[in-house]
file structure_26.txt (compact mmCIF, C-alpha atoms)
# COMPACT_ATOMS: atom_id res chain seq x y z
CA MET A 749 332.31 270.90 174.80
CA ASN A 750 332.11 268.16 177.41
CA LEU A 751 328.42 268.68 177.71
CA ALA A 752 327.93 268.33 173.97
CA THR A 753 329.91 265.11 173.79
CA LEU A 754 328.00 263.77 176.76
CA VAL A 755 324.67 264.53 175.14
CA HIS A 756 325.84 262.99 171.86
CA SER A 757 326.95 259.77 173.53
CA LEU A 758 323.70 259.56 175.46
CA ARG A 759 321.74 259.96 172.25
CA GLN A 760 323.84 257.25 170.57
CA SER A 761 323.27 254.80 173.42
CA LEU A 762 319.53 255.51 173.40
CA LEU A 763 319.39 254.88 169.67
CA ARG A 764 321.29 251.65 170.10
CA ILE A 765 318.97 250.49 172.87
CA GLU A 766 315.97 251.34 170.71
CA SER A 767 317.32 249.43 167.74
CA ARG A 768 318.09 246.40 169.93
CA LEU A 769 314.64 246.46 171.46
CA LEU A 770 313.14 246.62 167.99
CA GLN A 771 315.28 243.67 166.91
CA ALA A 772 314.25 241.66 169.94
CA ALA A 773 310.61 242.44 169.26
CA GLY A 774 311.19 241.47 165.65
CA LEU A 775 309.64 244.67 164.35
CA ASP A 776 312.67 245.99 162.49
CA ARG A 777 312.44 245.90 158.73
CA HIS A 778 315.92 245.02 157.50
CA LEU A 779 316.39 241.53 155.89
CA ALA A 780 314.67 239.12 158.25
CA PRO A 781 315.69 235.57 157.23
CA ALA A 782 313.09 232.87 157.85
CA LEU A 783 315.31 230.57 159.90
CA ALA A 784 317.01 233.24 162.04
CA VAL A 785 317.07 232.32 165.67
CA SER A 786 315.67 235.16 167.78
CA GLY A 787 317.83 234.30 170.76
CA SER A 788 321.00 235.31 169.02
CA SER A 789 319.67 238.84 168.43
CA LEU A 790 319.74 239.53 172.17
CA LEU A 791 323.49 239.00 172.28
CA PRO A 792 325.67 242.10 171.92
CA GLN A 793 326.43 242.43 168.22
CA LEU A 794 328.72 244.60 166.16
CA GLN A 795 327.61 246.51 163.04
CA PRO A 796 327.73 243.72 160.35
CA GLN A 797 324.79 241.90 161.90
CA VAL A 798 323.15 240.80 158.69
CA ASP A 799 326.25 239.01 157.38
CA GLN A 800 326.72 237.28 160.72
CA GLU A 801 323.16 236.07 160.73
CA GLU A 802 323.51 234.70 157.22
CA HIS A 803 326.78 233.00 158.15
CA GLN A 804 325.24 231.50 161.26
CA GLN A 805 322.30 230.21 159.29
CA GLU A 806 324.65 228.60 156.76
CA GLU A 807 327.02 227.12 159.31
CA GLN A 808 324.65 226.07 162.07
CA ILE A 809 323.11 222.99 160.45
CA PRO A 810 326.26 221.59 158.72
CA GLY A 811 328.27 222.37 161.92
CA ILE A 812 326.15 220.05 164.05
CA MET A 813 326.24 217.30 161.44
CA ASP A 814 330.06 217.51 161.20
CA SER A 815 330.59 217.10 164.97
CA ILE A 816 328.37 213.97 165.16
CA LEU A 817 329.75 212.15 162.09
CA TRP A 818 333.50 212.55 162.76
CA MET A 819 334.68 208.88 162.54
CA ALA A 820 337.81 207.06 161.33
CA ALA A 821 337.81 205.56 157.85
CA PRO A 822 340.59 204.27 155.60
CA LYS A 823 341.83 206.84 153.18
CA LYS A 824 343.30 204.49 150.59
CA ARG A 825 343.01 200.84 149.60
CA ARG A 826 345.74 198.71 151.20
CA THR A 827 347.81 197.23 148.42
CA ILE A 828 348.41 193.51 148.22
CA GLU A 829 352.09 194.04 148.98
CA VAL A 830 351.29 195.83 152.25
CA ASN A 831 348.70 193.20 153.10
CA ARG A 832 351.17 190.38 152.41
CA THR A 833 353.85 191.88 154.64
CA ARG A 834 351.35 192.21 157.45
CA ARG A 835 349.84 188.73 157.07
CA ARG A 836 353.16 186.93 156.66
CA ALA A 837 354.99 188.66 159.51
CA GLU A 838 357.24 186.40 161.60
CA SER A 839 354.97 186.60 164.64
CA LYS A 840 351.91 185.44 162.67
CA LEU A 841 353.41 182.35 161.06
CA ILE A 842 353.18 178.93 162.74
CA LYS A 843 356.46 178.08 164.48
CA VAL A 844 358.37 174.99 163.43
CA LYS A 845 358.72 172.34 166.17
CA ASN A 846 361.95 170.41 166.35
CA ASN A 847 361.12 168.35 169.45
CA ILE A 848 359.14 165.61 167.72
CA GLU A 849 360.54 162.08 167.76
CA PRO A 850 359.18 158.52 167.28
CA CYS A 851 358.25 156.59 170.42
CA PRO A 852 360.73 153.71 170.88
CA GLU A 853 357.97 151.35 172.01
CA CYS A 854 355.27 151.75 169.36
CA GLY A 855 356.79 154.01 166.70
CA HIS A 856 354.09 156.69 166.82
CA LEU A 857 355.31 160.27 166.86
CA LYS A 858 355.50 162.07 170.18
CA GLU A 859 356.91 165.29 171.61
CA LYS A 860 360.09 164.78 173.62
CA HIS A 861 358.75 165.94 176.99
CA ILE A 862 355.25 164.43 176.57
CA MET A 863 354.19 160.80 176.86
CA CYS A 864 353.30 158.86 173.69
CA GLY A 865 349.53 159.07 173.05
CA PHE A 866 349.22 155.50 171.82
CA CYS A 867 351.07 153.98 174.78
CA TYR A 868 349.00 156.08 177.19
CA ALA A 869 345.75 155.00 175.50
CA LYS A 870 346.89 151.37 175.87
CA VAL A 871 347.50 151.83 179.60
CA CYS A 872 344.19 153.73 179.98
CA LYS A 873 342.23 150.88 178.40
CA GLU A 874 343.70 148.28 180.72
CA THR A 875 343.25 150.50 183.82
CA ARG A 876 339.62 151.00 182.92
CA LEU A 877 339.01 147.26 182.77
CA ILE A 878 340.80 146.78 186.09
CA ARG A 879 338.67 149.55 187.63
CA GLN A 880 335.50 147.86 186.33
CA GLN A 881 336.57 144.66 188.12
CA ILE A 882 337.24 146.64 191.31
CA GLN A 883 333.79 148.22 191.05
CA ALA A 884 332.22 144.75 190.68
CA LEU A 885 334.13 143.58 193.79
CA GLU A 886 333.12 146.58 195.89
CA GLY A 887 329.48 146.35 194.82
CA GLY A 888 328.53 149.98 195.41
CA PRO A 889 329.83 153.53 195.77
CA LEU A 890 331.92 154.71 198.74
CA LYS A 891 332.97 151.21 199.85
CA THR A 892 336.76 151.36 199.55
CA PRO A 893 338.46 148.77 201.79
CA ALA A 894 341.49 149.83 203.80
CA VAL A 895 343.77 147.26 202.14
CA GLU A 896 346.18 147.30 199.21
CA THR A 897 345.12 145.93 195.83
CA VAL A 898 347.00 143.57 193.50
CA VAL A 899 346.04 142.59 189.94
CA LEU A 900 346.48 138.96 188.90
CA TYR A 901 346.05 137.62 185.40
CA GLU A 902 345.14 134.14 184.17
CA GLY A 903 347.04 131.32 185.80
CA GLU A 904 348.81 133.47 188.42
CA MET A 905 348.84 132.63 192.09
CA PRO A 906 349.16 135.28 194.82
CA SER A 907 352.74 135.39 196.04
CA GLN A 908 354.12 135.90 199.58
CA GLN A 909 353.94 139.72 199.33
CA ASP A 910 350.28 139.62 198.19
CA LYS A 911 349.16 137.81 201.34
CA ASP A 912 346.85 140.44 202.88
CA LYS A 913 345.98 142.32 199.74
CA ARG A 914 342.69 142.43 197.90
CA ILE A 915 343.04 140.41 194.69
CA VAL A 916 341.57 141.69 191.43
CA GLU A 917 341.39 139.01 188.75
CA ARG A 918 341.59 139.79 185.06
CA PRO A 919 340.52 136.94 182.76
CA ARG A 920 343.29 137.35 180.20
CA LYS A 921 346.96 136.67 179.67
CA ARG A 922 349.34 139.14 181.33
CA PRO A 923 350.35 141.83 178.77
CA ALA A 924 354.06 142.03 178.01
CA TRP A 925 354.32 145.68 179.05
CA PHE A 926 352.85 145.08 182.53
CA SER A 927 356.07 143.91 184.29
CA MET B 438 340.05 199.35 197.09
CA ARG B 439 342.59 201.84 195.89
CA LEU B 440 343.77 201.04 192.36
CA THR B 441 347.51 200.73 193.02
CA LEU B 442 350.28 199.76 190.61
CA HIS B 443 350.87 196.68 192.81
CA MET B 444 347.42 195.42 191.80
CA LEU B 445 347.90 195.95 188.09
CA ILE B 446 351.35 194.35 187.62
CA SER B 447 352.07 190.77 188.68
CA HIS B 448 355.81 190.51 188.03
CA GLY B 449 357.40 187.72 190.05
CA ARG B 450 354.19 186.40 191.61
CA VAL B 451 354.24 182.60 191.60
CA ALA B 452 350.87 181.76 193.18
CA ARG B 453 348.47 180.33 190.60
CA ARG B 454 344.90 181.64 190.38
CA MET B 455 342.32 178.95 189.66
CA GLY B 456 338.53 178.90 189.61
CA MET B 457 336.53 181.80 190.99
CA GLY B 458 338.73 182.92 193.86
CA PRO B 459 340.93 181.32 196.58
CA GLU B 460 338.05 179.42 198.20
CA SER B 461 336.96 177.99 194.86
CA ARG B 462 340.56 177.02 194.14
CA ILE B 463 340.86 175.11 197.42
CA ASN B 464 337.55 173.34 196.81
CA MET B 465 338.61 172.33 193.32
CA LEU B 466 341.95 171.00 194.56
CA ARG B 467 340.17 169.15 197.36
CA ASN B 468 337.95 167.39 194.83
CA ILE B 469 340.90 166.40 192.69
CA LEU B 470 342.82 165.19 195.74
CA THR B 471 339.86 163.07 196.87
CA GLY B 472 339.73 161.52 193.41
CA LEU B 473 343.46 160.86 193.52
CA VAL B 474 343.26 159.12 196.88
CA ARG B 475 340.34 157.02 195.70
CA HIS B 476 341.64 156.02 192.26
CA GLU B 477 345.41 156.53 192.76
CA ARG B 478 345.72 157.79 189.20
CA VAL B 479 343.89 160.85 187.83
CA GLU B 480 344.06 162.86 184.63
CA THR B 481 343.65 166.66 184.84
CA THR B 482 345.08 169.81 183.35
CA ARG B 483 348.76 170.49 183.93
CA GLY B 484 348.27 173.50 186.18
CA ARG B 485 345.81 171.68 188.44
CA ALA B 486 348.00 168.56 188.62
CA ASP B 487 350.98 170.67 189.58
CA GLU B 488 348.99 172.38 192.37
CA VAL B 489 347.46 169.14 193.69
CA ARG B 490 350.90 167.51 193.81
CA PHE B 491 351.97 169.76 196.65
CA TYR B 492 348.80 169.08 198.65
CA ALA B 493 348.92 165.33 197.96
CA GLU B 494 352.45 165.03 199.34
CA LYS B 495 351.65 167.19 202.37
CA LEU B 496 348.61 164.99 203.08
CA ILE B 497 350.82 161.89 203.10
CA ASP B 498 353.21 163.64 205.49
CA TYR B 499 350.30 164.35 207.83
CA ALA B 500 349.01 160.77 207.47
CA LYS B 501 352.44 159.42 208.46
CA LYS B 502 351.93 160.98 211.91
CA GLY B 503 349.30 158.32 212.57
CA ASP B 504 345.52 158.42 212.91
CA THR B 505 345.65 159.07 216.67
CA ASP B 506 347.14 162.52 215.98
CA GLU B 507 344.50 165.24 216.28
CA LYS B 508 345.91 167.53 213.61
CA ALA B 509 346.41 164.71 211.13
CA MET B 510 342.83 163.52 211.52
CA LYS B 511 341.50 167.08 211.11
CA MET B 512 343.53 167.53 207.93
CA ALA B 513 342.38 164.21 206.50
CA ASN B 514 338.78 165.04 207.43
CA PHE B 515 338.99 168.39 205.66
CA TRP B 516 340.80 167.29 202.53
CA LEU B 517 338.94 164.04 201.85
CA THR B 518 335.31 164.79 201.09
CA GLU B 519 334.43 161.07 200.85
CA LYS B 520 334.92 159.76 204.39
CA ASP B 521 335.50 156.12 203.46
CA LEU B 522 338.90 157.20 202.12
CA VAL B 523 340.18 158.35 205.54
CA PRO B 524 340.93 154.77 206.75
CA LYS B 525 342.44 154.02 203.33
CA LEU B 526 344.77 157.01 203.68
CA PHE B 527 346.00 156.06 207.15
CA LYS B 528 346.15 152.27 206.70
CA VAL B 529 347.19 151.88 203.03
CA LEU B 530 348.95 154.99 201.73
CA ALA B 531 350.89 156.00 204.87
CA PRO B 532 352.52 152.54 205.42
CA ARG B 533 353.25 152.27 201.68
CA PHE B 534 355.46 155.39 201.82
CA GLU B 535 357.13 154.68 205.16
CA THR B 536 360.58 154.24 203.65
CA HIS B 537 360.19 157.23 201.26
CA SER B 538 360.94 160.67 202.67
CA ARG B 539 359.47 162.64 199.76
CA GLY B 540 358.35 162.07 196.17
CA TYR B 541 355.18 160.08 196.72
CA THR B 542 353.57 161.27 193.49
CA ARG B 543 354.47 161.17 189.83
CA MET B 544 353.21 163.67 187.27
CA VAL B 545 353.46 162.70 183.60
CA ARG B 546 352.53 165.03 180.76
CA ILE B 547 350.08 163.80 178.14
CA PRO B 548 349.11 164.94 174.64
CA ASN B 549 346.57 167.79 174.65
CA ARG B 550 342.91 167.06 175.35
CA GLN B 551 340.95 166.27 172.19
CA ASN B 552 338.21 168.84 172.96
CA LEU B 553 337.88 172.22 171.30
CA ASP B 554 340.00 173.77 174.06
CA ARG B 555 343.05 171.50 173.40
CA ALA B 556 344.05 171.91 177.05
CA LYS B 557 347.46 170.72 178.28
CA MET B 558 346.86 167.57 180.32
CA ALA B 559 348.81 165.58 182.87
CA VAL B 560 348.39 162.31 184.75
CA LEU B 561 349.01 162.40 188.50
CA GLU B 562 349.49 159.15 190.38
CA TYR B 563 350.68 157.88 193.72
CA LYS B 564 353.74 155.63 193.31
CA GLY B 565 353.18 151.97 194.06
CA ASN B 566 349.66 151.86 192.65
CA PRO B 567 348.32 148.49 191.42
CA PHE B 568 347.67 149.66 187.86
CA PRO B 569 349.97 149.03 184.86
CA PRO B 570 352.91 151.46 184.89
CA LEU B 571 352.75 154.48 182.59
CA PHE B 572 356.35 153.93 181.47
CA PRO B 573 357.05 150.20 181.05
CA VAL B 574 360.26 149.04 182.69
CA LYS B 575 362.84 148.37 179.99
CA LYS B 576 364.30 144.91 180.26
CA GLN B 577 367.90 144.50 179.24
CA ASN B 578 368.22 141.81 176.60
CA GLU B 579 371.14 139.54 177.50
CA LEU B 580 371.29 138.02 174.02
CA THR B 581 372.34 141.18 172.12
CA LEU B 582 375.87 141.14 170.69
CA ILE B 583 377.18 144.00 172.85
CA ASN B 584 375.80 142.46 176.03
CA GLN B 585 377.33 139.10 175.19
CA LEU B 586 380.74 140.70 174.49
CA LEU B 587 380.57 142.67 177.76
CA LYS B 588 379.62 139.49 179.61
CA GLY B 589 382.66 137.73 178.13
CA TYR B 590 384.92 140.65 179.08
CA ARG B 591 383.69 140.67 182.67
CA GLU B 592 384.27 136.90 182.95
CA GLU B 593 387.82 137.23 181.63
CA ARG B 594 388.61 140.02 184.09
CA ALA B 595 387.24 137.92 186.95
CA GLN B 596 389.43 134.97 185.82
CA GLU B 597 392.57 137.17 185.62
CA LEU B 598 391.96 138.58 189.11
CA ALA B 599 391.41 135.06 190.50
CA ALA B 600 394.65 133.86 188.76
CA LYS B 601 396.64 136.83 190.20
CA SER B 602 395.43 136.34 193.76
call {"tool": "encode", "arguments": {"input": "structure_26.txt", "output": "structure tokens"}}
result
Amino acid sequence: MNLATLVHSLRQSLLRIESRLLQAAGLDRHLAPALAVSGSSLLPQLQPQVDQEEHQQEEQIPGIMDSILWMAAPKKRRTIEVNRTRRRAESKLIKVKNNIEPCPECGHLKEKHIMCGFCYAKVCKETRLIRQQIQALEGGPLKTPAVETVVLYEGEMPSQQDKDKRIVERPRKRPAWFS
Amino acid sequence: MRLTLHMLISHGRVARRMGMGPESRINMLRNILTGLVRHERVETTRGRADEVRFYAEKLIDYAKKGDTDEKAMKMANFWLTEKDLVPKLFKVLAPRFETHSRGYTRMVRIPNRQNLDRAKMAVLEYKGNPFPPLFPVKKQNELTLINQLLKGYREERAQELAAKS
């Protein structure tokens, strides 16, 4: 009995090996699809080989395409209501400032903790003219004298404090806002 | 370097980062400080003005030691890139602030720069500069009604006290 079963199993394995060799060689006659990949026939396969090959052929090409083109896209159109709630959220609106007040000197608007732009421009203009006079006095770059400077307007004489200071003359009347 | 949590989170760190690294920051502040010492009033961004303020006041403290002091001269030589400002620092700015113990500079905020960047700007100046003051000194007008009434009240009080004594 054992001998018979042994012989039977040996015969079965030999037949299987033969059929696999034939498949690998491509000489077997059952349904050979044109696009079957020969590499897959070397893998150990169960009985329904034909169906598997067909399935593989069907799924191989769309399978690759699916894995490459898997990207995010909106499913539905965002309604105008949803869009409005997002666009008009509290964090996206411009905040109201309540620290704006008129400058007491000139009346232009300014922020409370920031200097008035008009008054600063006024001071800038005068400083620039004074600096031009200083440049004319010095004559060239990098010639700063080691003495204090004082600015005198038309008709002003240097006082006791301005004795040893460099005098910068401005040919105009003293402005009211310059002490 | 190891990527630690300490590197990623900066909670509580007060040191400002400017320019392209600490050396660049010091160079930038040195340039601004040289400009400040030369012109005594400069306009920069708020962050830079705030940083330079500290260095400007420290420089005056060093200058007060006198130009014979080795350390003071080294500091002035390093911080002032234009060397004709070194005598100005020791002979003009240091004597000017002899009576002051601190607070040699004034920083005033200005409307944002008109460029595309709309940067926050500030004016930094040494006190006692010869230019027109940024905030004009408000003169009290003696001729207003309230001031006249107060003047009358003070005179009456003075008369009463004189009559009593």
call {"tool": "residues_around", "arguments": {"input": "structure_26.txt", "residues": "Pro532 (chain B)", "least_positions_apart": "4", "cutoff": "8 Å", "atoms": "all atoms listed in the file", "output": "list of chain:residue names"}}
result
B:Lys501, B:Phe527, B:Lys528
call {"tool": "interface_residues", "arguments": {"input": "structure_26.txt", "of": "chain B", "to": "chain A", "cutoff": "12 Å", "atoms": "all atoms listed in the file", "output": "JSON, numbers by chain"}}
result
{"B": [471, 472, 474, 475, 476, 477, 478, 479, 480, 483, 518, 519, 520, 521, 522, 523, 524, 525, 526, 527, 528, 529, 530, 531, 532, 533, 544, 545, 546, 547, 548, 549, 550, 551, 557, 558, 559, 560, 565, 566, 567, 568, 569, 570, 571, 572, 573, 574, 575, 576]}
call {"tool": "residues_around", "arguments": {"input": "structure_26.txt", "residues": "Ala452 (chain B)", "least_positions_apart": "3", "cutoff": "12 Å", "atoms": "all atoms listed in the file", "output": "VMD selection string"}}
result
chain B and resid 447 to 449 455 459 462 484 487 to 488
call {"tool": "atom_distance", "arguments": {"input": "structure_26.txt", "atom1": "CA of Thr536 (chain B)", "atom2": "CA of Tyr499 (chain B)"}}
result
15.0 Å
call {"tool": "atom_distance", "arguments": {"input": "structure_26.txt", "atom1": "CA of Leu517 (chain B)", "atom2": "CA of Glu494 (chain B)"}}
result
13.8 Å
call {"tool": "atom_distance", "arguments": {"input": "structure_26.txt", "atom1": "CA of Asn514 (chain B)", "atom2": "CA of Glu535 (chain B)"}}
result
21.2 Å
call {"tool": "closest_residue", "arguments": {"input": "structure_26.txt", "among": "B:Arg453, B:His443, B:Arg591, B:Arg555", "to": "Val489 (chain B)", "atoms": "all atoms listed in the file"}}
result
B:Arg453
